[in-house]
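Enquirer: Please see the structure below; I have some questions.
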Amino acid sequence: MRTIVCTLVAIAALLAGYPQAAHGQVRAKAAVTCVSAGQVLEYDCTIKLANARSGEPLSGLTVSVGADMPSMPGMHNVRRVKATEQAEKGAYHVRLELEMHGDWAVHIDLRGAVRDRVVAMLRFEEAEVTDVKPSPSRRGH
Amino acid sequence: MIDFIQNTIDGVMIGASYGLLALGFTVIFGVMRRLNLSYGPTIMIGAYFGTVLYLHFGAGLLAVAAAVVVGAVISGIYVERLCFAPMKAGAGIASMVSSFAIWMQLEQAAVLVLPRHTYPFPPLVTGPALEIGPLLVRPDHLIMLTGALLLAAVVQLALYRTRFGLGLRAVIANPIAANLVGVDVGRLVVLAFAAASAIGGVAGFLVLAVDQQVTPMFGMWATLKGLIAMMIGGLGSIPGALLGGLLLGVVEVHSHWLFGPQVRDLFAYFVLFAFLVARPGGLLGRTIDVELSHRA
Amino acid sequence: MLDVSDLVTTYGKIEALRGVSLHVEGGKITCLLGPNGAGKTTLMMTIAGILRPRRGSIKLEGTELVGLSPAKIVSRGVALVPENRLVFPEMSVRENLLAGAYQRRDKSGIAADMERMYARFPRLKERREQLAGTLSGGEQQMLAVARALMSRPRVLLMDEPSLGLAPLVVAEIFDIVAALNRDGTTILLVEQNAHMALKVAHQFFLMEQGRVTFQGTPGQLAEDEVIQRAYLGTRRVAG
Amino acid sequence: MDDYLVSVVSNIGIISFVALSAYLLLLTGEISFGQQAFFAIGAYAAGIATAMWGWPLPLAIAWGAAAGAACAVTLGIPTLRLRGLQFAIATLAFAEMVRILFELWRYQIDIDGEPVGPNGTDGFRNIRYVFDHNIEAFDFMMLIYAVLAVTLGSFMLLERSRLGVIFRMIGEDATLASLQGIAVARYKVFAAGIAGALAAVGGGLYAHLTTYVEPRTFDVMLGVHSLAYGLIGGLGTALGPLLGVVIDVGLLESVRLFAGYRMIIFGGLVALLLIVRPRGLLDERLVHGIGRLFRNAKSGTTRTGRGPP
C-alpha cells in the first residue's frame with residue numbers, strides 16, 4: 001500500500017516539475033482535399049491553411065503531414081511527409097502513402113511563424129476521398 | 001400500439017439471425033469451453049467468397065449462398081487447426097488471443113482481395129413489403145426468419161436424433177467422460193467447428209442479403225452480436241442462444257425506434273451487462289466451468 | 001488378459017507411475033489398493049488412453065493399447081467407470097446408455113443390451129427419461145456402470161465405485177460387481193474400501209508412490225495388514 | 001531522432017499503459033476486454049482539464065487517473081462475483097457503453113471564438129496543451145517514458161511485495177487465497193482500481209499527444225489488443241506486455257516490407273508463437289530461471305546438483 005502511495009506521489013512530483021511555457025499563439029485552420037494519385041493507396045492532397053480567427057492565409061510555413069487511424073490508436077504510424085508550398089497563398093501540396101483504406105486522421109503540423117497542429121478527418125477509398133461523418137453502425141450503413 | 005407490435009415483429013425477425021450467430025458460438029463454446037473470437041471473421045471470409053463470385057462471375061443467389069457457407073466452413077476449420085487443436089489443456093486464453101490474431105489476419109486478407117470499404121451483396125428478394133392488416137412485413141425479413149427457424153429445427157434434430165449429435169452433447173456435458181465412452185473428441189471438435197461455421201455462414205448470408213452490402217467490419221459485427229446473444233441466452237444452452245438472439249433483436253428495434261441508433265447499441269450492451277451482473281447464467285444457462293481463467 | 005508392464009506416466013516432471021507392472025486375469029476380479037496419491041487413478045486413466053504414458057506397454061490379449069486414442073481403446077474392449085462417475089448430467093438415463101454404445105453400430109444389438117441393462121438395474125428403467133444429473137449418487141454409479149457395459153467391454157475398469165456413497169449403497173454396488181463377474185466380466189477395481197474389496201477380489205495388488213509393492217490373493221496377508229498398508233503405506237508400518 | 005521514430009516510440013509508450021493495465025488484471029486471474037474504457041475516461045478527463053479548464057498537464061493527468069480509478073472501482077464492485085468469460089464480457093459491455101456515451105456526449109465551451117470540448121461522434125479536438133506550451137514532440141516522448149519508468153518501477157516492486165504475492169495467489173486460485181484469510185474481494189477491486197488508473201494515465205497522455213480523440217478510438221479492438229500484448233510478450237513479468245507492444249507497434253511497423261500484409265504475417269506469427277509458448281515469450285518459468293541465474297551469480301553459489309523437489 002505504501003509503495004503505491006509513494007509511487008503516486010512520485011508521479012505527481014515528476015509531472016508537477018515539468019516546465020511550463022507561454023500561452024497565446026495564432027491558431028490555424030485547414031481545408032484539405034485529396035484525390036487518388038493513380039497508384040493504389042497514394043493520394044495527392046492540397047491543404048489550404050489560414051489563420052483560424054482572421055481567415056488570412058498562412059504562407060511561408062514548414063508544413064509536415066502525417067496520419068493515423070482513430071479506430072486503431074497508435075497502431076498505424078504513417079511517416080511524416082513535408083508539404084511543398086504552392087503559388088497560391090496558404091496552399092500546400094503533399095503526397096500521402098497510406099497503409100489501408102478507411103478513415104484516417106490527417107495531422108498537419110506547422111512550424112515557423114506558427115506552431116500548431118490541425119487534424120482533418122478523411123475517408124480514403126479506392127476511388128475517392130470524402131469528409132468523415134462517423135457512422136455508429138458497424139455494418140457500415 | 002401498432003408501432004409496438006410492428007417493432008416487436010421486426011425485432012423477432014432480426015433477432016432470428018442473431019440467434020443463429022449465437023447458436024454457432026454456442027456449439028463451438030460448448031465443445032471447446034473456449035472462446036473463438038474469429039467466429040465472426042470466418043463468416044465474413046465466407047461472405048467475401050460469395051461476393052467475389054457475385055461480382056466477378058455473376059453468380060446467382062443460391063451459388064452465392066453456397067459459397068458463403070463453404071467459405072465459412074473452410075476458414076472455420078483453418079481457425080480450429082491453428083488456434084485450438086494445437087493448444088494444450090489449460091491454454092484457453094492462449095486460444096482466445098490466438099483466435100483474435102487470426103481475426104486480424106482474416107480481415108486483412110479480405111481487404112487485400114476486395115479493397116473497397118463496401119461491396120454490394122445480392123438481395124434476397126426485391127419487392128414491396130407485405131401488408132398484413134395494419135402491419136408491414138418485409139418479405140426478405142420473413143425469409144430470414146423462416147430460414148433461421150428451419151435451420152434451428154435442423155440443428156435441434158441433428159443434436160437429438162443423430163449419433164453425431166449424441167457425441168456432441170456428450171462432449172459438451174463432459175469431455176473426459178465422452179472420451180471414456182469412445183467419442184473421438186478431436187475429430188468431433190473439427191466437425192463441430194465445421195457445423196458451427198456452416199450455421200454462421202447461413203446466418204451471415206441471410207443478414208447480408210437483407211442488408212445488400214458487405215464490409216470487412218461484418219466480422220466484428222457478427223462476433224459481437226453472436227457473443228451478446230449467447231451470453232444473454234445462457235452459456236451452453238441451444239434454446240437459450242435462440243431466445244437470447246430474439247430478445248436482443250426486440251430490444252434493439254424498440255430502442256432504435258424510441259431513441260435512435262446510438263442509444264440502440266447502448267441498450268443492447270446495457271441489457272447484456274444487467275444480465276451478467278444480475279443473472280450470470282443468462283436466460284437458460286447453467287454454470288459450466290469455463291476454461292478461460294488463465295490458470296484453468 | 002490385460003498385461004501392464006513397466007508403465008511410466010508423468011505430470012510435467014513428476015512421475016505419477018514409476019514403472020508399474022501388473023497382470024489382470026480373465027474372468028476374475030483384480031483389485032488395486034493403496035493410499036491416496038499412490039497413482040491408482042493415474043494408472044486407470046493411462047490404461048483408458050486419457051493419459052499418455054512416457055514408456056511401458058499395456059497389452060489386451062497380446063495387442064498393444066499404448067498410443068491408441070481413448071475411442072479406439074473402448075472399441076478394443078476396455079471400458080472405464082471413472083472416479084466420481086462422470087455421467088452426462090443434462091442427458092437422460094436412456095441417452096447416457098446410448099452414449100455408452102457410441103462405438104457400436106449394431107442398432108438391434110444396442111437395443112437388446114439396453115433392455116438387459118434395464119433388467120439388471122430396474123431403478124434405471126424407472127428413471128430412464130429422467131436427467132442423469134437428478135439421480136442420487138448410488139443411481140449415478142449404477143448408470144456409470146451400465147453405460148460402460150453398453151460398449152460390451154472385455155475388461156471393465158472401475159475407479160473407486162464406492163466413493164461418497166452410503167454404506168448400504170456401497171454394499172449394493174459390490175453385489176453388482178460380484179454379479180457382473182459371475183456373468184463372465186473381467187474387472188479391475190480400484191478401491192479405498194479395502195475391507196469390501198477383499199471380499200470380492202480374486203487377486204489384489206498394493207500400490208505405493210507409483211509402484212506396485214505387493215501382489216497376492218486375499219487371505220495371503222492378514223486383512224489388517226493389507227488395510228494398514230493400503231491406507232498408510234509400508235514404510236510407516238515397517239518403521 | 002527523426003519525427004517518425006519519435007511518434008512510433010511515443011505510441012509504444014502510450015499503448016504500454018493499457019497493456020500493463022490488462023496485465024495487472026491478468027495477474028489476479030481476470031480477463032478484461034474493457035480497459036480501453038478507462039483509457040477513454042482518462043483521455044477525456046485530462047483533455048477537458050487542460051483544454052477547457054486551463055489546468056496544467058500534470059494535474060490533468062492525475063485527475064484523469066483518479067477518474068479512471070473511480071470508474072474502475074465502480075465497475076469492479078458489481079462484477080466482483082463474475083469469473084472468466086462472464087467477467088470478460090461484462091467488461092466489454094461496460095466499455096462499449098462508455099464508448100457510446102462519449103458518442104452521445106456534447107459539452108463545449110467557447111474559447112478564443114471557437115467551440116472546444118467533446119462533441120459526440122465528431123470527437124474532442126483541439127487539445128492543444130502541447131502546442132500552447134511549446135513542448136517539442138521529443139520532450140513529450142521523454143515525459144511519457146518518465147511516467148512509464150515510474151510505473152514499471154512500481155510494478156517491479158509490486159512483484160516482490162506482499163501485495164504482488166497476494167495478487168498472484170488470487171490469480172492462481174481465488175478460493176484457496178480466501179481460505180488463507182485474504183480478503184479476495186477487496187484486493188480484486190483494488191487491483192481493478194489501479195488498472196483503471198494506469199489505463200487512464202495512458203489515455204491522458206494519448207489525448208495530448210494526438211491533440212484529438214474520438215469515441216471510436218476506444219472500441220473493443222484496443223481492449224483486445226492490450227490483452228493480447230501481455231500474452232505475446234509473456235505473463236512472467238511486467239516487461240512482457242511492453243515487449244508485446246514493441247513487437248506489434250515497433251517491429252512490424254518498421255518493416256515496410258510488410259505493408260499491406262502486416263496483419264497477415266503478424267496474426268500468423270502470434271498464432272504460432274502461442275502454440276509454442278502459450279504464456280508468452282517471457283513466461284513465468286523463463287523469468288524465474290533468469291532470476292535464479294542472477295541470484296546464483298550474486299551469491300556466488302554453483303549448482304552442483306538438484307536436490308529433491
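We name chains A, B, ... following the order of the C-alpha cells; residues begin at 1 in each chain, and ligands are numbered from 1 as shown.
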Report as a ChimeraX atom specification the set of chain B residues whose atoms approach chain C to within 7 Å, with distances computed over only C-alpha atoms.
Expert: /B:166-167,170,173-174,177,179-184
Enquirer: Show me, as number ranges by chain, the residues that have an atom within 12 Å of Ala158 in chain B when counting only C-alpha atoms, minus same-chain residues fewer than 6 positions from it.
Expert: B: 151-152, 164-169, 192, 195
Enquirer: Mind checking which residues fall within 7 Å of range 29-42 of chain C, counting only C-alpha atoms, ignoring those fewer than 3 positions away in the same chain, and posting them as a ChimeraX atom specification?
Expert: /C:16-17,24,45-46,159,181,186-192,194,197,201-210,230-233
Enquirer: Among the residues of range 172-220 of chain C, find those DSSP assigns to alpha helix (DSSP H) from the backbone and print them as a list in words.
Expert: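 Output for range 172-220 of chain C, alpha helix (DSSP H) only: Glu172, Ile173, Phe174, Asp175, Ile176, Val177, Ala178, Ala179, Leu180, Asn181, Arg182, Ala194, His195, Met196, Ala197, Leu198, Lys199 and Val200 of chain C.
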Enquirer: Restricting the output to N, CA, C and O atoms, write the selected residues as a PDB file, in the first residue's frame.
Expert:
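What landed in part_16.pdb:
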ATOM      1  N   GLU C 172     -24.576 -52.561  -2.063  1.00  0.00           N
ATOM      2  CA  GLU C 172     -25.330 -52.850  -3.286  1.00  0.00           C
ATOM      3  C   GLU C 172     -24.397 -52.831  -4.504  1.00  0.00           C
ATOM      4  O   GLU C 172     -24.458 -53.710  -5.363  1.00  0.00           O
ATOM      5  N   ILE C 173     -23.515 -51.819  -4.527  1.00  0.00           N
ATOM      6  CA  ILE C 173     -22.582 -51.701  -5.653  1.00  0.00           C
ATOM      7  C   ILE C 173     -21.677 -52.936  -5.703  1.00  0.00           C
ATOM      8  O   ILE C 173     -21.436 -53.509  -6.759  1.00  0.00           O
ATOM      9  N   PHE C 174     -21.207 -53.372  -4.533  1.00  0.00           N
ATOM     10  CA  PHE C 174     -20.315 -54.546  -4.540  1.00  0.00           C
ATOM     11  C   PHE C 174     -21.055 -55.812  -4.946  1.00  0.00           C
ATOM     12  O   PHE C 174     -20.476 -56.696  -5.583  1.00  0.00           O
ATOM     13  N   ASP C 175     -22.345 -55.894  -4.603  1.00  0.00           N
ATOM     14  CA  ASP C 175     -23.152 -57.023  -5.097  1.00  0.00           C
ATOM     15  C   ASP C 175     -23.166 -57.021  -6.616  1.00  0.00           C
ATOM     16  O   ASP C 175     -23.043 -58.065  -7.265  1.00  0.00           O
ATOM     17  N   ILE C 176     -23.317 -55.815  -7.178  1.00  0.00           N
ATOM     18  CA  ILE C 176     -23.357 -55.707  -8.632  1.00  0.00           C
ATOM     19  C   ILE C 176     -22.032 -56.137  -9.239  1.00  0.00           C
ATOM     20  O   ILE C 176     -21.995 -56.891 -10.218  1.00  0.00           O
ATOM     21  N   VAL C 177     -20.932 -55.692  -8.602  1.00  0.00           N
ATOM     22  CA  VAL C 177     -19.604 -56.068  -9.107  1.00  0.00           C
ATOM     23  C   VAL C 177     -19.471 -57.588  -9.128  1.00  0.00           C
ATOM     24  O   VAL C 177     -19.055 -58.180 -10.137  1.00  0.00           O
ATOM     25  N   ALA C 178     -19.877 -58.231  -8.027  1.00  0.00           N
ATOM     26  CA  ALA C 178     -19.764 -59.690  -7.955  1.00  0.00           C
ATOM     27  C   ALA C 178     -20.640 -60.349  -9.012  1.00  0.00           C
ATOM     28  O   ALA C 178     -20.230 -61.297  -9.692  1.00  0.00           O
ATOM     29  N   ALA C 179     -21.838 -59.803  -9.183  1.00  0.00           N
ATOM     30  CA  ALA C 179     -22.768 -60.395 -10.144  1.00  0.00           C
ATOM     31  C   ALA C 179     -22.242 -60.264 -11.574  1.00  0.00           C
ATOM     32  O   ALA C 179     -22.325 -61.205 -12.364  1.00  0.00           O
ATOM     33  N   LEU C 180     -21.696 -59.100 -11.884  1.00  0.00           N
ATOM     34  CA  LEU C 180     -21.135 -58.888 -13.222  1.00  0.00           C
ATOM     35  C   LEU C 180     -20.046 -59.919 -13.488  1.00  0.00           C
ATOM     36  O   LEU C 180     -19.952 -60.503 -14.565  1.00  0.00           O
ATOM     37  N   ASN C 181     -19.231 -60.140 -12.463  1.00  0.00           N
ATOM     38  CA  ASN C 181     -18.122 -61.083 -12.618  1.00  0.00           C
ATOM     39  C   ASN C 181     -18.630 -62.508 -12.803  1.00  0.00           C
ATOM     40  O   ASN C 181     -18.095 -63.265 -13.606  1.00  0.00           O
ATOM     41  N   ARG C 182     -19.683 -62.841 -12.063  1.00  0.00           N
ATOM     42  CA  ARG C 182     -20.255 -64.187 -12.225  1.00  0.00           C
ATOM     43  C   ARG C 182     -20.699 -64.406 -13.659  1.00  0.00           C
ATOM     44  O   ARG C 182     -20.627 -65.501 -14.181  1.00  0.00           O
ATOM     45  N   ALA C 194     -10.869 -51.207   1.486  1.00  0.00           N
ATOM     46  CA  ALA C 194     -10.152 -52.478   1.339  1.00  0.00           C
ATOM     47  C   ALA C 194     -10.967 -53.647   1.885  1.00  0.00           C
ATOM     48  O   ALA C 194     -10.956 -54.743   1.329  1.00  0.00           O
ATOM     49  N   HIS C 195     -11.688 -53.391   2.936  1.00  0.00           N
ATOM     50  CA  HIS C 195     -12.469 -54.456   3.565  1.00  0.00           C
ATOM     51  C   HIS C 195     -13.472 -55.042   2.565  1.00  0.00           C
ATOM     52  O   HIS C 195     -13.537 -56.258   2.368  1.00  0.00           O
ATOM     53  N   MET C 196     -14.233 -54.161   1.925  1.00  0.00           N
ATOM     54  CA  MET C 196     -15.217 -54.618   0.944  1.00  0.00           C
ATOM     55  C   MET C 196     -14.516 -55.245  -0.258  1.00  0.00           C
ATOM     56  O   MET C 196     -14.939 -56.268  -0.780  1.00  0.00           O
ATOM     57  N   ALA C 197     -13.435 -54.600  -0.706  1.00  0.00           N
ATOM     58  CA  ALA C 197     -12.769 -55.045  -1.920  1.00  0.00           C
ATOM     59  C   ALA C 197     -12.220 -56.457  -1.762  1.00  0.00           C
ATOM     60  O   ALA C 197     -12.346 -57.299  -2.651  1.00  0.00           O
ATOM     61  N   LEU C 198     -11.638 -56.720  -0.596  1.00  0.00           N
ATOM     62  CA  LEU C 198     -11.022 -58.039  -0.401  1.00  0.00           C
ATOM     63  C   LEU C 198     -12.076 -59.142  -0.364  1.00  0.00           C
ATOM     64  O   LEU C 198     -11.775 -60.309  -0.590  1.00  0.00           O
ATOM     65  N   LYS C 199     -13.315 -58.756  -0.050  1.00  0.00           N
ATOM     66  CA  LYS C 199     -14.382 -59.753  -0.039  1.00  0.00           C
ATOM     67  C   LYS C 199     -14.682 -60.283  -1.431  1.00  0.00           C
ATOM     68  O   LYS C 199     -15.016 -61.440  -1.604  1.00  0.00           O
ATOM     69  N   VAL C 200     -14.600 -59.372  -2.444  1.00  0.00           N
ATOM     70  CA  VAL C 200     -14.990 -59.807  -3.782  1.00  0.00           C
ATOM     71  C   VAL C 200     -13.784 -60.182  -4.653  1.00  0.00           C
ATOM     72  O   VAL C 200     -13.937 -60.911  -5.635  1.00  0.00           O
TER      73      VAL C 200
END
Enquirer: Between CA of Ala87 in chain A and CA of Val129 in chain A, what distance in Å does the model show, to one decimal?
Expert: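 Between these atoms lies a distance of 23.8 Å.
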Enquirer: Going by DSSP on the backbone, which bits of range 93-308 of chain D are strand (DSSP E or B)? Write them as a list in words, please.
Expert: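 Taking range 93-308 of chain D and keeping strand (DSSP E or B) gives Arg106, Ile109, Asp110, Ile111, Glu114, Pro115, Val116, Asn119, Phe124 and Val213 of chain D.
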Enquirer: Write out, as a PDB file, in the first residue's frame, the residues just selected, with N, CA, C and O atoms.
Expert:
ATOM      1  N   ARG D 106     -22.081  15.795 -25.498  1.00  0.00           N
ATOM      2  CA  ARG D 106     -21.582  17.078 -26.026  1.00  0.00           C
ATOM      3  C   ARG D 106     -21.428  18.040 -24.871  1.00  0.00           C
ATOM      4  O   ARG D 106     -22.363  18.244 -24.091  1.00  0.00           O
ATOM      5  N   ILE D 109     -17.421  24.580 -24.694  1.00  0.00           N
ATOM      6  CA  ILE D 109     -17.434  25.982 -24.306  1.00  0.00           C
ATOM      7  C   ILE D 109     -16.663  26.781 -25.345  1.00  0.00           C
ATOM      8  O   ILE D 109     -15.918  26.218 -26.137  1.00  0.00           O
ATOM      9  N   ASP D 110     -16.882  28.047 -25.330  1.00  0.00           N
ATOM     10  CA  ASP D 110     -16.249  28.900 -26.317  1.00  0.00           C
ATOM     11  C   ASP D 110     -14.895  29.374 -25.818  1.00  0.00           C
ATOM     12  O   ASP D 110     -14.802  29.996 -24.761  1.00  0.00           O
ATOM     13  N   ILE D 111     -13.840  29.049 -26.570  1.00  0.00           N
ATOM     14  CA  ILE D 111     -12.515  29.542 -26.199  1.00  0.00           C
ATOM     15  C   ILE D 111     -11.923  30.221 -27.419  1.00  0.00           C
ATOM     16  O   ILE D 111     -11.800  29.587 -28.473  1.00  0.00           O
ATOM     17  N   GLU D 114     -13.768  29.851 -30.582  1.00  0.00           N
ATOM     18  CA  GLU D 114     -14.019  28.534 -31.153  1.00  0.00           C
ATOM     19  C   GLU D 114     -14.594  27.621 -30.094  1.00  0.00           C
ATOM     20  O   GLU D 114     -14.170  27.642 -28.938  1.00  0.00           O
ATOM     21  N   PRO D 115     -15.553  26.765 -30.491  1.00  0.00           N
ATOM     22  CA  PRO D 115     -16.083  25.807 -29.511  1.00  0.00           C
ATOM     23  C   PRO D 115     -15.045  24.729 -29.237  1.00  0.00           C
ATOM     24  O   PRO D 115     -14.427  24.203 -30.153  1.00  0.00           O
ATOM     25  N   VAL D 116     -14.815  24.467 -27.955  1.00  0.00           N
ATOM     26  CA  VAL D 116     -13.865  23.436 -27.569  1.00  0.00           C
ATOM     27  C   VAL D 116     -14.564  22.483 -26.617  1.00  0.00           C
ATOM     28  O   VAL D 116     -15.304  22.913 -25.742  1.00  0.00           O
ATOM     29  N   ASN D 119     -17.459  16.549 -28.570  1.00  0.00           N
ATOM     30  CA  ASN D 119     -18.583  16.839 -29.454  1.00  0.00           C
ATOM     31  C   ASN D 119     -19.084  15.550 -30.097  1.00  0.00           C
ATOM     32  O   ASN D 119     -18.960  15.341 -31.298  1.00  0.00           O
ATOM     33  N   PHE D 124     -13.321  15.005 -29.770  1.00  0.00           N
ATOM     34  CA  PHE D 124     -12.868  16.106 -28.938  1.00  0.00           C
ATOM     35  C   PHE D 124     -11.578  16.589 -29.585  1.00  0.00           C
ATOM     36  O   PHE D 124     -10.551  15.946 -29.521  1.00  0.00           O
ATOM     37  N   VAL D 213      -9.251  13.272 -29.725  1.00  0.00           N
ATOM     38  CA  VAL D 213      -9.697  11.886 -29.540  1.00  0.00           C
ATOM     39  C   VAL D 213     -11.122  11.808 -30.047  1.00  0.00           C
ATOM     40  O   VAL D 213     -11.812  12.823 -30.148  1.00  0.00           O
TER      41      VAL D 213
END
Enquirer: Can you tell me which residues surround Leu106 in chain B at a distance of at most 9 Å, considering only C-alpha atoms, apart from same-chain residues fewer than 3 positions away, and format the answer as a list in words?
Expert: Ser38, Pro41, Thr42, Met44, Ile45, Ser75, Ala101, Ile102, Trp103, Ala109, Ala110 and Val111 of chain B; Met263, Ile264 and Gly267 of chain D
Enquirer: Deliver the residues from the most recent selection as a file, using C-alpha atoms, as a PDB file, in the first residue's frame.
Expert:
ATOM      1  CA  SER B  38     -12.550 -15.396 -35.005  1.00  0.00           C
ATOM      2  CA  PRO B  41     -14.458 -13.042 -39.248  1.00  0.00           C
ATOM      3  CA  THR B  42     -14.655 -16.604 -40.616  1.00  0.00           C
ATOM      4  CA  MET B  44     -17.021 -12.582 -43.168  1.00  0.00           C
ATOM      5  CA  ILE B  45     -14.486 -14.548 -45.214  1.00  0.00           C
ATOM      6  CA  SER B  75     -11.887 -20.690 -42.749  1.00  0.00           C
ATOM      7  CA  ALA B 101      -4.712 -12.606 -34.001  1.00  0.00           C
ATOM      8  CA  ILE B 102      -6.213 -14.706 -36.765  1.00  0.00           C
ATOM      9  CA  TRP B 103      -9.183 -12.346 -36.849  1.00  0.00           C
ATOM     10  CA  ALA B 109      -6.858 -10.965 -46.265  1.00  0.00           C
ATOM     11  CA  ALA B 110     -10.388  -9.820 -47.104  1.00  0.00           C
ATOM     12  CA  VAL B 111      -9.208  -6.260 -47.681  1.00  0.00           C
TER      13      VAL B 111
ATOM     14  CA  MET D 263      -1.642  -8.291 -40.115  1.00  0.00           C
ATOM     15  CA  ILE D 264      -1.435 -11.461 -42.150  1.00  0.00           C
ATOM     16  CA  GLY D 267      -1.536 -12.744 -36.966  1.00  0.00           C
TER      17      GLY D 267
END
Enquirer: Write out as a PyMOL selection string each polymer residue whose atoms come within 12 Å of Ala63 in chain B, counting only C-alpha atoms; drop sequence neighbours fewer than 5 positions from it.
Expert: chain B and resi 47+49-54+57-58+68-71+122+205
Enquirer: Please, which residues of chain D lie no more than 8 Å from chain B when the count uses only C-alpha atoms, and can they be set out as a VMD selection string?
Expert: chain D and resid 26 29 to 31 78 to 79 82 to 86 90 93 to 94 96 to 97 100 to 101 103 to 104 171 to 172 224 227 to 228 231 260 to 261 263 to 268 270 to 272 274 to 275 278 to 279
Enquirer: Residues within 9 Å of range 3-8 of chain C, please, as a list in words. Count only C-alpha atoms; anything in the same chain fewer than 6 positions from it doesn't count.
Expert: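 Listing them by chain and then by number gives Glu15, Ala16, Leu17, Arg18, Gly19, Val20, Ser21, Leu22, His23, Val24, Glu25, Leu43, Thr46, Ile47, Pro53, Arg54, Arg55, Gly56, Ser57, Ile58, Lys59, Leu60, Glu61, Gly62 and Gly210 of chain C.
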Enquirer: Write out as a VMD selection string every residue belonging to chain B that has an atom at most 9 Å from any atom of chain A, counting only C-alpha atoms.
Expert: chain B and resid 111 115 to 118 211 213 to 218 220 to 221 261 to 262 265
Enquirer: Name the closest residue to chain D among the candidates A:Lys89, A:Arg117, A:Arg95, A:Lys48; distances are taken between atoms, counting only C-alpha atoms.
Expert: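 The closest residue to chain D is A:Arg117.
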Enquirer: Have a look at CA of Ala207 in chain D and CA of Ala46 in chain D and let me know their distance in Å, one decimal.
Expert: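 So the two atoms, CA of Ala207 in chain D and CA of Ala46 in chain D, lie 7.7 Å apart.
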Enquirer: I need the contact residues of chain D against chain A, so if you could list those with any atom within 6 Å, counting only C-alpha atoms, and return them as number ranges by chain, that would help.
Expert: D: 4, 11, 58, 131-133, 216-217, 249
Enquirer: Residues of the last selection are to be written out with C-alpha atoms, as an mmCIF file, in the first residue's frame.
Expert:
data_model
loop_
_atom_site.group_PDB
_atom_site.id
_atom_site.type_symbol
_atom_site.label_atom_id
_atom_site.label_comp_id
_atom_site.auth_asym_id
_atom_site.auth_seq_id
_atom_site.Cartn_x
_atom_site.Cartn_y
_atom_site.Cartn_z
ATOM 1 C CA TYR D 4 8.776 9.396 -37.333
ATOM 2 C CA ASN D 11 2.898 5.406 -29.346
ATOM 3 C CA PRO D 58 0.422 17.074 -14.608
ATOM 4 C CA PHE D 131 1.324 23.370 -28.727
ATOM 5 C CA ASP D 132 0.259 26.174 -26.456
ATOM 6 C CA HIS D 133 3.214 25.422 -24.220
ATOM 7 C CA ARG D 216 -14.255 5.059 -31.830
ATOM 8 C CA THR D 217 -10.612 5.279 -30.834
ATOM 9 C CA VAL D 249 3.755 -1.433 -32.908
#
